[in-house]
>>> print(open('data_0.pdb').read())   # PDB, C-alpha atoms, pLDDT in the B column
ATOM      1  CA  MET A  11     132.971 129.531 100.717  1.00 83.00           C
ATOM      2  CA  ILE A  12     129.385 128.639  99.843  1.00 94.00           C
ATOM      3  CA  ASN A  13     128.812 125.092  98.606  1.00 97.00           C
ATOM      4  CA  ILE A  14     125.717 123.983  96.715  1.00 98.00           C
ATOM      5  CA  ARG A  15     124.405 120.637  97.972  1.00 97.00           C
ATOM      6  CA  HIS A  16     121.068 120.441  96.099  1.00 97.00           C
ATOM      7  CA  ILE A  17     119.235 122.321  93.354  1.00 97.00           C
ATOM      8  CA  PHE A  18     115.430 122.110  93.106  1.00 95.00           C
ATOM      9  CA  ILE A  19     112.927 123.514  90.632  1.00 95.00           C
ATOM     10  CA  SER A  20     109.202 122.973  90.301  1.00 90.00           C
ATOM     11  CA  PRO A  21     106.883 123.657  87.376  1.00 84.00           C
ATOM     12  CA  GLY A  22     104.022 124.764  89.624  1.00 62.00           C
ATOM     13  CA  HIS A  23     102.999 126.145  92.999  1.00 62.00           C
ATOM     14  CA  ASN A  24     101.899 123.827  95.799  1.00 58.00           C
ATOM     15  CA  PHE A  25     101.419 126.409  98.565  1.00 59.00           C
ATOM     16  CA  PHE A  26     101.791 129.894  97.027  1.00 59.00           C
ATOM     17  CA  GLY A  27      98.278 131.092  96.143  1.00 56.00           C
ATOM     18  CA  HIS A  28      96.567 128.082  97.757  1.00 49.00           C
ATOM     19  CA  HIS A  29      95.326 129.776 100.947  1.00 56.00           C
ATOM     20  CA  GLY A  30      92.087 128.134 102.057  1.00 65.00           C
ATOM     21  CA  GLN A  31      92.565 125.306  99.559  1.00 63.00           C
ATOM     22  CA  PRO A  32      94.446 122.025  99.639  1.00 65.00           C
ATOM     23  CA  ALA A  33      98.140 122.078  98.787  1.00 60.00           C
ATOM     24  CA  GLY A  34      99.012 121.465  95.146  1.00 59.00           C
ATOM     25  CA  GLU A  35     100.699 118.323  93.903  1.00 72.00           C
ATOM     26  CA  ASN A  36     103.337 119.735  91.571  1.00 70.00           C
ATOM     27  CA  PRO A  37     106.589 117.783  91.789  1.00 77.00           C
ATOM     28  CA  ILE A  38     109.803 119.329  92.961  1.00 87.00           C
ATOM     29  CA  LEU A  39     112.621 118.168  90.746  1.00 91.00           C
ATOM     30  CA  GLU A  40     116.232 117.850  91.783  1.00 96.00           C
ATOM     31  CA  VAL A  41     118.636 118.859  89.021  1.00 97.00           C
ATOM     32  CA  SER A  42     122.420 118.990  88.898  1.00 97.00           C
ATOM     33  CA  ILE A  43     122.570 122.302  87.012  1.00 98.00           C
ATOM     34  CA  VAL A  44     120.154 125.191  86.489  1.00 98.00           C
ATOM     35  CA  GLU A  45     120.165 128.239  84.235  1.00 98.00           C
ATOM     36  CA  CYS A  46     119.874 131.586  86.023  1.00 98.00           C
ATOM     37  CA  VAL A  47     118.419 134.418  83.946  1.00 98.00           C
ATOM     38  CA  ALA A  48     119.022 137.937  85.253  1.00 98.00           C
ATOM     39  CA  GLY A  49     115.835 139.620  86.417  1.00 97.00           C
ATOM     40  CA  ARG A  50     113.704 136.601  85.486  1.00 97.00           C
ATOM     41  CA  GLY A  51     114.559 133.613  87.684  1.00 97.00           C
ATOM     42  CA  LEU A  52     115.538 129.990  87.189  1.00 97.00           C
ATOM     43  CA  ARG A  53     114.564 128.544  83.833  1.00 97.00           C
ATOM     44  CA  GLY A  54     111.955 125.834  84.404  1.00 95.00           C
ATOM     45  CA  ASP A  55     110.917 127.015  87.863  1.00 94.00           C
ATOM     46  CA  ARG A  56     107.457 128.202  88.911  1.00 91.00           C
ATOM     47  CA  PHE A  57     108.703 131.736  89.678  1.00 91.00           C
ATOM     48  CA  PHE A  58     110.426 132.246  86.292  1.00 94.00           C
ATOM     49  CA  ASP A  59     109.021 135.516  84.885  1.00 93.00           C
ATOM     50  CA  TYR A  60     106.587 135.706  87.824  1.00 91.00           C
ATOM     51  CA  LYS A  61     106.677 139.514  87.893  1.00 90.00           C
ATOM     52  CA  PRO A  62     109.239 142.254  87.210  1.00 89.00           C
ATOM     53  CA  ASP A  63     111.933 142.707  89.862  1.00 90.00           C
ATOM     54  CA  TYR A  64     110.510 139.865  91.986  1.00 94.00           C
ATOM     55  CA  LYS A  65     112.525 139.454  95.186  1.00 94.00           C
ATOM     56  CA  GLY A  66     112.354 135.641  95.118  1.00 93.00           C
ATOM     57  CA  GLN A  67     113.800 134.876  91.683  1.00 97.00           C
ATOM     58  CA  VAL A  68     115.893 132.232  93.443  1.00 97.00           C
ATOM     59  CA  THR A  69     115.639 131.041  97.049  1.00 96.00           C
ATOM     60  CA  LEU A  70     118.446 129.618  99.172  1.00 98.00           C
ATOM     61  CA  PHE A  71     118.197 127.406 102.249  1.00 96.00           C
ATOM     62  CA  ALA A  72     121.008 126.177 104.495  1.00 96.00           C
ATOM     63  CA  ALA A  73     121.740 122.454 104.809  1.00 96.00           C
ATOM     64  CA  GLU A  74     122.837 123.165 108.377  1.00 97.00           C
ATOM     65  CA  ILE A  75     119.323 124.433 109.236  1.00 94.00           C
ATOM     66  CA  PHE A  76     117.783 121.348 107.640  1.00 93.00           C
ATOM     67  CA  GLU A  77     119.928 119.079 109.812  1.00 94.00           C
ATOM     68  CA  ALA A  78     119.274 121.108 112.985  1.00 93.00           C
ATOM     69  CA  LEU A  79     115.503 121.026 112.407  1.00 91.00           C
ATOM     70  CA  ARG A  80     115.569 117.245 111.875  1.00 88.00           C
ATOM     71  CA  GLN A  81     117.528 116.721 115.080  1.00 90.00           C
ATOM     72  CA  GLU A  82     115.792 119.240 117.330  1.00 87.00           C
ATOM     73  CA  LEU A  83     112.217 118.475 116.245  1.00 87.00           C
ATOM     74  CA  GLY A  84     112.834 114.786 115.544  1.00 84.00           C
ATOM     75  CA  PHE A  85     111.500 114.814 111.984  1.00 81.00           C
ATOM     76  CA  SER A  86     112.723 112.051 109.688  1.00 81.00           C
ATOM     77  CA  LEU A  87     112.755 114.103 106.505  1.00 77.00           C
ATOM     78  CA  PRO A  88     114.566 112.382 103.633  1.00 78.00           C
ATOM     79  CA  SER A  89     115.324 115.558 101.661  1.00 87.00           C
ATOM     80  CA  PRO A  90     115.360 119.347 102.044  1.00 91.00           C
ATOM     81  CA  ALA A  91     113.075 119.453  98.974  1.00 88.00           C
ATOM     82  CA  VAL A  92     110.165 119.628 101.426  1.00 85.00           C
ATOM     83  CA  PHE A  93     110.974 123.315 102.072  1.00 82.00           C
ATOM     84  CA  ARG A  94     110.526 124.155  98.364  1.00 80.00           C
ATOM     85  CA  ARG A  95     113.591 126.391  98.256  1.00 89.00           C
ATOM     86  CA  ASN A  96     115.715 126.264  95.102  1.00 92.00           C
ATOM     87  CA  ILE A  97     119.321 126.075  96.260  1.00 98.00           C
ATOM     88  CA  ILE A  98     120.444 124.183  99.352  1.00 97.00           C
ATOM     89  CA  THR A  99     123.724 125.690 100.524  1.00 98.00           C
ATOM     90  CA  GLU A 100     126.378 124.802 103.032  1.00 97.00           C
ATOM     91  CA  GLY A 101     129.038 126.936 104.649  1.00 96.00           C
ATOM     92  CA  ILE A 102     127.428 130.333 105.334  1.00 96.00           C
ATOM     93  CA  ASP A 103     124.807 131.945 107.542  1.00 96.00           C
ATOM     94  CA  LEU A 104     122.399 133.083 104.823  1.00 97.00           C
ATOM     95  CA  SER A 105     120.943 135.861 106.988  1.00 96.00           C
ATOM     96  CA  THR A 106     124.287 137.713 106.685  1.00 97.00           C
ATOM     97  CA  LEU A 107     123.588 138.114 102.957  1.00 98.00           C
ATOM     98  CA  ILE A 108     120.376 140.135 103.333  1.00 97.00           C
ATOM     99  CA  GLY A 109     120.992 143.487 101.633  1.00 97.00           C
ATOM    100  CA  GLN A 110     124.247 142.224 100.073  1.00 98.00           C
ATOM    101  CA  ARG A 111     125.388 141.550  96.535  1.00 98.00           C
ATOM    102  CA  PHE A 112     127.395 138.357  96.280  1.00 97.00           C
ATOM    103  CA  THR A 113     128.578 135.835  93.728  1.00 97.00           C
ATOM    104  CA  LEU A 114     127.553 132.193  93.920  1.00 97.00           C
ATOM    105  CA  GLN A 115     129.718 130.219  91.531  1.00 97.00           C
ATOM    106  CA  SER A 116     129.562 132.457  88.422  1.00 95.00           C
ATOM    107  CA  VAL A 117     126.197 134.111  89.136  1.00 98.00           C
ATOM    108  CA  GLU A 118     125.810 137.498  90.815  1.00 98.00           C
ATOM    109  CA  LEU A 119     122.917 137.631  93.264  1.00 98.00           C
ATOM    110  CA  GLU A 120     121.408 140.160  95.638  1.00 98.00           C
ATOM    111  CA  GLY A 121     120.137 138.901  98.981  1.00 98.00           C
ATOM    112  CA  VAL A 122     116.819 140.675  99.451  1.00 97.00           C
ATOM    113  CA  ASP A 123     114.870 139.183 102.325  1.00 95.00           C
ATOM    114  CA  GLU A 124     114.351 136.156 104.526  1.00 94.00           C
ATOM    115  CA  CYS A 125     112.096 133.420 103.131  1.00 91.00           C
ATOM    116  CA  ARG A 126     109.791 133.692 106.083  1.00 87.00           C
ATOM    117  CA  PRO A 127     108.075 130.416 106.822  1.00 85.00           C
ATOM    118  CA  CYS A 128     104.308 130.248 106.627  1.00 77.00           C
ATOM    119  CA  TYR A 129     101.678 127.948 108.097  1.00 75.00           C
ATOM    120  CA  TRP A 130     102.184 125.508 105.209  1.00 75.00           C
ATOM    121  CA  MET A 131     105.488 124.455 106.809  1.00 81.00           C
ATOM    122  CA  ASN A 132     103.521 122.749 109.597  1.00 82.00           C
ATOM    123  CA  GLU A 133     101.745 120.666 106.944  1.00 77.00           C
ATOM    124  CA  ALA A 134     104.702 120.032 104.650  1.00 79.00           C
ATOM    125  CA  VAL A 135     107.355 119.443 107.326  1.00 83.00           C
ATOM    126  CA  GLY A 136     105.523 118.758 110.584  1.00 84.00           C
ATOM    127  CA  PRO A 137     103.926 120.418 113.621  1.00 89.00           C
ATOM    128  CA  GLY A 138     106.026 123.248 115.020  1.00 89.00           C
ATOM    129  CA  ALA A 139     108.114 123.728 111.861  1.00 88.00           C
ATOM    130  CA  GLU A 140     106.770 127.219 111.103  1.00 89.00           C
ATOM    131  CA  ALA A 141     107.693 128.560 114.559  1.00 91.00           C
ATOM    132  CA  TRP A 142     111.075 126.789 114.598  1.00 92.00           C
ATOM    133  CA  LEU A 143     111.996 128.218 111.177  1.00 92.00           C
ATOM    134  CA  LEU A 144     111.290 131.860 112.100  1.00 91.00           C
ATOM    135  CA  GLY A 145     114.508 133.741 111.364  1.00 92.00           C
ATOM    136  CA  ARG A 146     115.939 130.630 109.670  1.00 92.00           C
ATOM    137  CA  GLY A 147     113.647 130.174 106.659  1.00 92.00           C
ATOM    138  CA  GLY A 148     116.220 130.863 103.967  1.00 94.00           C
ATOM    139  CA  LEU A 149     117.068 133.743 101.673  1.00 97.00           C
ATOM    140  CA  ARG A 150     115.161 135.324  98.772  1.00 97.00           C
ATOM    141  CA  CYS A 151     117.448 136.663  96.047  1.00 98.00           C
ATOM    142  CA  ARG A 152     117.310 138.583  92.818  1.00 98.00           C
ATOM    143  CA  ILE A 153     119.447 137.288  89.979  1.00 98.00           C
ATOM    144  CA  LEU A 154     121.724 140.058  88.678  1.00 98.00           C
ATOM    145  CA  SER A 155     123.716 138.171  86.020  1.00 98.00           C
ATOM    146  CA  ASN A 156     123.091 135.279  83.662  1.00 98.00           C
ATOM    147  CA  GLY A 157     124.844 132.010  84.295  1.00 98.00           C
ATOM    148  CA  HIS A 158     124.518 128.482  85.573  1.00 98.00           C
ATOM    149  CA  LEU A 159     124.619 127.038  89.063  1.00 98.00           C
ATOM    150  CA  HIS A 160     125.644 123.432  89.597  1.00 98.00           C
ATOM    151  CA  LYS A 161     125.812 121.056  92.529  1.00 97.00           C
ATOM    152  CA  ASP A 162     129.211 120.846  94.174  1.00 95.00           C
ATOM    153  CA  GLU A 163     130.616 117.359  94.489  1.00 77.00           C
TER     154      GLU A 163
END
>>> encode(input="data_0.pdb", output="structure tokens")
Amino acid sequence: MINIRHIFISPGHNFFGHHGQPAGENPILEVSIVECVAGRGLRGDRFFDYKPDYKGQVTLFAAEIFEALRQELGFSLPSPAVFRRNIITEGIDLSTLIGQRFTLQSVELEGVDECRPCYWMNEAVGPGAEAWLLGRGGLRCRILSNGHLHKDE
């Protein structure tokens, strides 16, 4: 069973499209529920209607990876929001969902690709984060059905 621990959206990009420039300062907002719109993304998020059939309409990241990174690299990160992934999950190895259709709560998703970390992770998280996250950066998904996702208690 996949549990949802956190849901994050952001109105703008801080890293995407900022190569060679300083990171943006758009807030990342934690919400308890989010609307998923098939083929479009999460309502209110920076990637909503980004482009047709975009493979990162919603991104997932494992709480277990967050905890392992904090312990192994010694970072005192207060929240997984720093990774700028939308849904923080618990209870499944997200890499097993690449190429799979699956249902999260009432929403059908398709796991498309790993959210490969980029050099911004060293700035946002700390030195060595990009290399440590290789193969563990999260999951990019397409949204196949409309619905809502909510934090599990």
>>> resolve_selection(input="data_0.pdb", expression="the PyMOL selection byres ((chain A and resi 74) around 12)", output="VMD selection string")
chain A and resid 13 15 71 to 73 75 to 81 90 98 to 104 146 to 148
>>> resolve_selection(input="data_0.pdb", expression="the PyMOL selection byres ((chain A and resi 117-122) around 10)", output="VMD selection string")
chain A and resid 45 to 48 64 to 70 104 to 116 123 to 125 149 to 159
>>> closest_residue(input="data_0.pdb", among="A:Pro137, A:Met11, A:Leu144, A:Asp63", to="Gly51 of chain A", atoms="all atoms listed in the file")
A:Asp63
>>> atom_distance(input="data_0.pdb", atom1="atom CA of Ser89 of chain A", atom2="atom CA of Lys61 of chain A")
29.0 Å
>>> atom_distance(input="data_0.pdb", atom1="atom CA of Leu143 of chain A", atom2="atom CA of Asp162 of chain A")
25.3 Å
>>> resolve_selection(input="data_0.pdb", expression="the PyMOL selection byres ((chain A and resi 16-20) around 7)", output="list in words")
Ile14, Arg15, Pro21, Gly22, Asn36, Pro37, Ile38, Leu39, Glu40, Val41, Ser42, Gly54, Asp55, Arg56, Ala91, Arg95, Asn96, Ile97, Ile98 and Lys161 of chain A
>>> atom_distance(input="data_0.pdb", atom1="atom CA of Gly138 of chain A", atom2="atom CA of Glu35 of chain A")
22.3 Å
